[in-house]
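Participant: Input: one structure, supplied below.
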Amino acid sequence: MKITSVNVRITEKEDSRMKGIASILLDDCFAIHDIRIIEGDNGLFIAMPSRKTATGGYRDIAHPITPECRKVFETAILDAYKKEVGE
């Protein structure tokens, strides 16, 4: 699996921890949209797309299974975000 494209849209609003929304393309054939870029207490992180459950909680629609895969996604998305904001 290779991330072949990352698109970041900046959404910074005052007093909001959400800094942007990302879409990624895997192997030029599979897209994942609505990955949120969040400013946490320990820095930026990504939150995968999710939906609200009947019980009021949230469940990821798509997500990496292994920590290594999550790190690949996070690195690619946060690098693209930093490039977009000029860091």
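By convention in this document, the chains of the structure tokens carry letters A, B, ... by their order, each chain's residues are numbered from 1, and ligands are numbered from 1 in the order they are shown.
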Excluding same-chain residues fewer than 2 positions from Phe73 (chain A), what lies within 9 Å of it counting only C-alpha atoms, as a PyMOL selection string?
Facilitator: chain A and resi 3+24+46+64+68-71+75-78
Participant: Next, write the just-selected residues to a file, as a CSV table (one decimal), in the first residue's frame, keeping N, CA and C atoms as the atom set.
Facilitator:
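The result, stored in again36.csv:
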```csv
chain,number,residue,atom,x,y,z
A,3,ILE,N,0.5,5.6,-0.2
A,3,ILE,CA,-0.3,6.8,-0.2
A,3,ILE,C,0.2,7.6,-1.4
A,24,ILE,N,-7.1,11.2,1.5
A,24,ILE,CA,-5.9,10.5,0.9
A,24,ILE,C,-6.3,9.6,-0.1
A,46,ILE,N,-4.4,12.9,14.0
A,46,ILE,CA,-5.5,12.7,13.0
A,46,ILE,C,-6.6,11.9,13.6
A,64,PRO,N,-6.8,2.6,10.2
A,64,PRO,CA,-5.7,1.6,10.1
A,64,PRO,C,-5.8,0.6,11.2
A,68,GLU,N,1.7,0.8,12.9
A,68,GLU,CA,2.6,1.2,11.8
A,68,GLU,C,1.9,1.9,10.7
A,69,CYS,N,0.7,1.3,10.3
A,69,CYS,CA,-0.1,1.9,9.3
A,69,CYS,C,-0.6,3.3,9.7
A,70,ARG,N,-1.1,3.4,10.9
A,70,ARG,CA,-1.6,4.7,11.4
A,70,ARG,C,-0.5,5.7,11.4
A,71,LYS,N,0.8,5.3,11.7
A,71,LYS,CA,1.9,6.3,11.7
A,71,LYS,C,2.2,6.8,10.3
A,75,THR,N,1.8,10.7,9.5
A,75,THR,CA,3.0,11.4,9.0
A,75,THR,C,2.7,12.1,7.6
A,76,ALA,N,2.1,11.4,6.7
A,76,ALA,CA,1.8,11.9,5.4
A,76,ALA,C,0.8,13.1,5.5
A,77,ILE,N,-0.2,12.9,6.3
A,77,ILE,CA,-1.3,14.0,6.5
A,77,ILE,C,-0.7,15.2,7.2
A,78,LEU,N,0.0,15.0,8.3
A,78,LEU,CA,0.5,16.1,9.1
A,78,LEU,C,1.6,16.9,8.3
```
Participant: Find the residues around region 28-41 of chain A up to 9 Å (only C-alpha atoms counted), leave out those fewer than 2 positions away in its own chain, and share them as a ChimeraX atom specification.
Facilitator: /A:2-5,16-26,43-50,62,77-78,81
Participant: Residues of chain A classed as strand (DSSP E) by DSSP on the backbone are to be reported as number ranges by chain.
Facilitator: A: 3-10, 18-26, 30-40, 43-47, 50-52, 58-60
Participant: When you count only C-alpha atoms, which of these residues is closest to Glu84 (chain A): A:Ala54, A:Val72, A:Ile10, A:Met1?
Facilitator: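 The closest residue to Glu84 (chain A) is A:Ile10.
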Participant: I'd like the interatomic distance between CA of Arg9 (chain A) and CA of Asp79 (chain A), to a tenth of an Å.
Facilitator: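 We find that CA of Arg9 (chain A) and CA of Asp79 (chain A) lie 13.0 Å from each other.
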Participant: Could you give me, as a PyMOL selection string, each residue of chain A that DSSP assigns to helix (DSSP H, G or I) when run on this structure's backbone?
Facilitator: chain A and resi 67-85
